[in-house]
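Below is one structure, written out as structure tokens; comments come after it.
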Amino acid sequence: MAQTVAFIGLGNMGGPMAGNLVKAGYKVNAFDLAEAAKKHAVELGCSISATPAEAVQGADVIVTMLPSGPIVESVMIDKDALLDKIAKGTLVIDCSTVGPENSRRVAAEAVKRGIRFVDAPVSGGTAGAAAGTLAFMCGGPAEDFAAAKVVLEKMGSNIFHAGDYGAGSVAKICNNMLLAIHMIGTAEALQLGINNGLDPKVLSGIMLKSSGANWSLEKYNPVPGVQENVPSSKNYAGGFMVKLMQKDLGLALTAARLSNSTILFGALASNLYGVHAKSKEGTVDLDFSSILKLYEQH
Ligand code: NAD
């Protein structure tokens with residue numbers, strides 16, 4: 001088992017993920033730019049490094065959980081140039097949600113230096129990160145995936161090998177685009193029922209046993225009060241924020257452009273979340289199931 005992990009990016013996701021590695025017995029040398037994130041990571045048992053370069057010194061595995069592809073490239077290749085400071089043979093696992101082109105660029109630069117790389121974005125949100133039940137979608141050579149799996153299993157319960165470099169990022173983008181589409185469809189159908197006098201609980205029960213059943217309806221009903229313990233029943237607090245869904249739909253649009261793919265519903269979903277995010281109510285920080293509000297108002 002790898003003994004030392006360098007963990008870079010200790011935010012809402014990275015903090016609890018690093019904490020789970022500590023619980024599993026790893027020594028975790030962590031780095032983040034934000035003081036609050038560093039403080040929280042110390043409480044979870046991580047050692048804080050003064051710089052990213054210090055964090056990767058002597059690490060067997062490096063995990064990054066950063067806000068975007070350009071930031072991952074800046075940390076690994078450009079500004080911090082960590083790939084020049086990492087020993088040959090070290091395994092880098094990027095868990096951030098990024099474009100496949102970002103993953104492939106970092107992979108190519110890593111391979112040039114004899115460093116192993118796996119893109120491994122996640123599904124499961126902050127609750128999954130805290131519980132250690134994330135799904136990881138991985139891209140990279142089979143032997144590097146096998147090595148990454150040993151570490152990822154300490155933070156998640158489903159670890160998939162999607163294909164070569166960038167395939168994990170492609171899988172993540174496809175999944176979240178579909179999630180946005182069926183959440184929007186579910187909200188639209190439920191509001192149509194409500195506007196025609198149906199109780200959303202009754203309608204949800206009918207559709208769950210009929211051909212309209214889907215994950216949003218089953219696990220994440222967007223109408224407040226239909227299910228307990230989902231964001232819609234907590235004023236859309238917690239969960240997966242509208243701004244994060246907008247980010248992922250933006251990545252889907254870019255991936256579609258670069259691969260000459262048609263994504264009609266993906267583009268519509270991106271536009272609908274864009275309209276929703278402009279609401280004066282300040283919806284960007286609400287859970288993405290709050291898209292129901294758009295249908296309540298129009
Ligand atoms: P976050 O903003 O809470 O955390 C990101 C952290 O990275 C912050 O603490 C920030 O200070 C740090 N950071 C930024 N630039 C840095 C740099 N140059 N060096 C070191 N640290 C730096 O974001 P999050 O919610 O933890 O999301 C992280 C990634 O996971 C994103 O790519 C996001 O799309 C993805 N994701 C998030 C969720 C979710 O529900 N929050 C779910 C799935 C995937």
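Residue numbers start at 1 in each chain; chains themselves are named A, B, ... in the order of the structure tokens; ligands are numbered from 1 in the order shown.
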
>> Which residues are near ligand 1 - at most 9 Å, using only C-alpha atoms and all ligand atoms? Format: as a PyMOL selection string.
In response: chain A and resi 8-15+31-38+51-52+64-69+71-72+74-75+79-80+95-98+121-129+134+172+238-241+244-245+247-248

All residues 12 Å or closer to Thr283 in chain A, only C-alpha atoms, same chain fewer than 6 positions away omitted, as a short mmCIF file (atom, residue, chain, number, x, y, z; two decimals) with C-alpha atoms, in the first residue's frame:
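Resulting contents of part-v7.cif:
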data_model
loop_
_atom_site.label_atom_id
_atom_site.label_comp_id
_atom_site.auth_asym_id
_atom_site.auth_seq_id
_atom_site.Cartn_x
_atom_site.Cartn_y
_atom_site.Cartn_z
CA ASN A 235 -35.31 25.02 0.85
CA TYR A 236 -32.96 23.57 -1.77
CA ALA A 237 -29.98 23.87 0.59
CA PHE A 240 -25.31 19.92 -5.89
CA MET A 241 -25.33 23.65 -6.53
CA VAL A 242 -26.79 25.25 -9.68
CA LYS A 243 -23.41 26.88 -10.40
CA LEU A 244 -21.70 23.46 -10.42
CA MET A 245 -24.32 22.08 -12.81
CA GLN A 246 -23.76 25.12 -15.05
CA TYR A 273 -29.91 26.60 -15.90
CA GLY A 274 -28.46 29.91 -17.21
CA VAL A 275 -31.90 31.56 -17.02
CA HIS A 276 -32.51 30.01 -13.60
CA ALA A 277 -29.14 31.24 -12.30
CA SER A 289 -33.37 20.52 -8.28
CA SER A 290 -34.48 24.15 -7.66
CA ILE A 291 -34.97 24.30 -11.47
CA LEU A 292 -38.58 23.55 -10.47
CA LYS A 293 -38.86 27.23 -9.47
CA LEU A 294 -38.46 28.19 -13.12
#

>> According to DSSP computed on the backbone, where in range 74-208 of chain A is there strand (DSSP E or B)? Give the residues as a PyMOL selection string.
In response: chain A and resi 91-94+116-119+122-123+134-139+156-163

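Considering only C-alpha atoms, the residue among A:Pro224, A:Gly58, A:Gly140, A:Gly114 positioned nearest to Ser169 in chain A is A:Gly140.
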
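In this structure, CA of Pro222 in chain A sits 25.9 Å away from CA of Gly156 in chain A.
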
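You will find CA of Ala148 in chain A at 9.7 Å from CA of Asp119 in chain A.
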
> What is the CA of Gly225 in chain A to CA of Ala130 in chain A distance in Å?
Replying inline: 25.1 Å

>> Just list as a PyMOL selection string whatever in range 181-232 of chain A DSSP marks as helix (DSSP H, G or I).
In response: chain A and resi 181-195+200-208+215-219+231-232

May I have the residues from that selection written out with N, CA, C and O atoms, as a CSV table (one decimal), in the first residue's frame?
chain,number,residue,atom,x,y,z
A,181,ILE,N,-30.7,16.8,-17.7
A,181,ILE,CA,-31.9,16.6,-18.6
A,181,ILE,C,-33.0,15.9,-17.9
A,181,ILE,O,-34.2,16.4,-18.0
A,182,HIS,N,-32.7,14.8,-17.1
A,182,HIS,CA,-33.9,14.2,-16.5
A,182,HIS,C,-34.4,14.9,-15.2
A,182,HIS,O,-35.6,14.8,-14.9
A,183,MET,N,-33.5,15.7,-14.6
A,183,MET,CA,-34.1,16.6,-13.5
A,183,MET,C,-35.0,17.6,-14.1
A,183,MET,O,-36.1,17.9,-13.6
A,184,ILE,N,-34.6,18.3,-15.2
A,184,ILE,CA,-35.5,19.3,-15.9
A,184,ILE,C,-36.8,18.6,-16.3
A,184,ILE,O,-37.9,19.1,-16.1
A,185,GLY,N,-36.7,17.5,-16.9
A,185,GLY,CA,-37.9,16.8,-17.4
A,185,GLY,C,-38.8,16.4,-16.3
A,185,GLY,O,-40.1,16.5,-16.4
A,186,THR,N,-38.2,16.0,-15.2
A,186,THR,CA,-39.0,15.6,-14.0
A,186,THR,C,-39.7,16.8,-13.4
A,186,THR,O,-40.9,16.7,-13.1
A,187,ALA,N,-39.0,17.9,-13.3
A,187,ALA,CA,-39.6,19.1,-12.8
A,187,ALA,C,-40.8,19.6,-13.7
A,187,ALA,O,-41.8,20.0,-13.2
A,188,GLU,N,-40.5,19.5,-15.0
A,188,GLU,CA,-41.5,20.0,-16.0
A,188,GLU,C,-42.8,19.1,-15.9
A,188,GLU,O,-43.9,19.7,-15.8
A,189,ALA,N,-42.6,17.8,-15.8
A,189,ALA,CA,-43.8,16.9,-15.7
A,189,ALA,C,-44.6,17.1,-14.4
A,189,ALA,O,-45.8,17.2,-14.4
A,190,LEU,N,-43.8,17.3,-13.3
A,190,LEU,CA,-44.5,17.4,-12.0
A,190,LEU,C,-45.2,18.7,-12.0
A,190,LEU,O,-46.4,18.8,-11.5
A,191,GLN,N,-44.6,19.8,-12.5
A,191,GLN,CA,-45.3,21.1,-12.5
A,191,GLN,C,-46.6,21.1,-13.4
A,191,GLN,O,-47.6,21.7,-13.0
A,192,LEU,N,-46.5,20.4,-14.5
A,192,LEU,CA,-47.7,20.2,-15.4
A,192,LEU,C,-48.8,19.5,-14.6
A,192,LEU,O,-50.0,19.9,-14.6
A,193,GLY,N,-48.4,18.5,-13.8
A,193,GLY,CA,-49.4,17.8,-13.0
A,193,GLY,C,-50.0,18.7,-12.0
A,193,GLY,O,-51.3,18.7,-11.8
A,194,ILE,N,-49.2,19.4,-11.3
A,194,ILE,CA,-49.6,20.3,-10.2
A,194,ILE,C,-50.6,21.4,-10.8
A,194,ILE,O,-51.7,21.7,-10.3
A,195,ASN,N,-50.2,21.9,-11.9
A,195,ASN,CA,-51.0,23.0,-12.6
A,195,ASN,C,-52.4,22.4,-13.0
A,195,ASN,O,-53.3,23.2,-13.3
A,200,PRO,N,-48.5,16.3,-6.1
A,200,PRO,CA,-47.3,15.9,-6.6
A,200,PRO,C,-46.8,14.5,-6.0
A,200,PRO,O,-46.1,13.8,-6.7
A,201,LYS,N,-47.2,14.3,-4.8
A,201,LYS,CA,-46.9,13.0,-4.1
A,201,LYS,C,-47.5,11.8,-4.9
A,201,LYS,O,-46.9,10.8,-5.2
A,202,VAL,N,-48.8,12.0,-5.2
A,202,VAL,CA,-49.6,11.0,-5.9
A,202,VAL,C,-49.0,10.8,-7.3
A,202,VAL,O,-48.8,9.7,-7.7
A,203,LEU,N,-48.8,11.9,-8.0
A,203,LEU,CA,-48.2,11.8,-9.4
A,203,LEU,C,-46.9,11.2,-9.4
A,203,LEU,O,-46.6,10.3,-10.2
A,204,SER,N,-46.0,11.5,-8.4
A,204,SER,CA,-44.7,10.9,-8.3
A,204,SER,C,-44.8,9.4,-8.1
A,204,SER,O,-44.1,8.6,-8.7
A,205,GLY,N,-45.7,9.0,-7.2
A,205,GLY,CA,-45.9,7.6,-7.0
A,205,GLY,C,-46.4,6.8,-8.2
A,205,GLY,O,-45.9,5.7,-8.5
A,206,ILE,N,-47.2,7.5,-9.0
A,206,ILE,CA,-47.7,6.8,-10.3
A,206,ILE,C,-46.5,6.7,-11.3
A,206,ILE,O,-46.3,5.7,-11.8
A,207,MET,N,-45.8,7.8,-11.4
A,207,MET,CA,-44.7,7.8,-12.5
A,207,MET,C,-43.6,6.9,-12.1
A,207,MET,O,-42.9,6.3,-12.9
A,208,LEU,N,-43.4,6.7,-10.8
A,208,LEU,CA,-42.3,5.8,-10.3
A,208,LEU,C,-42.6,4.4,-10.7
A,208,LEU,O,-41.6,3.6,-10.9
A,215,TRP,N,-34.0,8.5,-12.0
A,215,TRP,CA,-33.2,8.7,-10.8
A,215,TRP,C,-33.7,10.0,-10.0
A,215,TRP,O,-33.9,10.0,-8.8
A,216,SER,N,-34.0,11.1,-10.8
A,216,SER,CA,-34.4,12.3,-10.1
A,216,SER,C,-35.7,12.2,-9.4
A,216,SER,O,-35.9,12.7,-8.3
A,217,LEU,N,-36.6,11.4,-10.0
A,217,LEU,CA,-37.9,11.2,-9.4
A,217,LEU,C,-37.8,10.2,-8.2
A,217,LEU,O,-38.5,10.4,-7.2
A,218,GLU,N,-36.9,9.2,-8.4
A,218,GLU,CA,-36.8,8.2,-7.3
A,218,GLU,C,-36.1,8.7,-6.1
A,218,GLU,O,-36.5,8.5,-5.0
A,219,LYS,N,-34.9,9.4,-6.3
A,219,LYS,CA,-34.0,9.7,-5.2
A,219,LYS,C,-34.0,11.2,-4.9
A,219,LYS,O,-33.4,11.6,-3.9
A,231,PRO,N,-32.7,17.9,-0.9
A,231,PRO,CA,-32.6,19.3,-0.9
A,231,PRO,C,-33.9,20.1,-1.1
A,231,PRO,O,-34.1,21.2,-0.4
A,232,SER,N,-34.8,19.6,-1.9
A,232,SER,CA,-36.1,20.4,-2.2
A,232,SER,C,-36.9,20.6,-0.9
A,232,SER,O,-37.6,21.6,-0.7
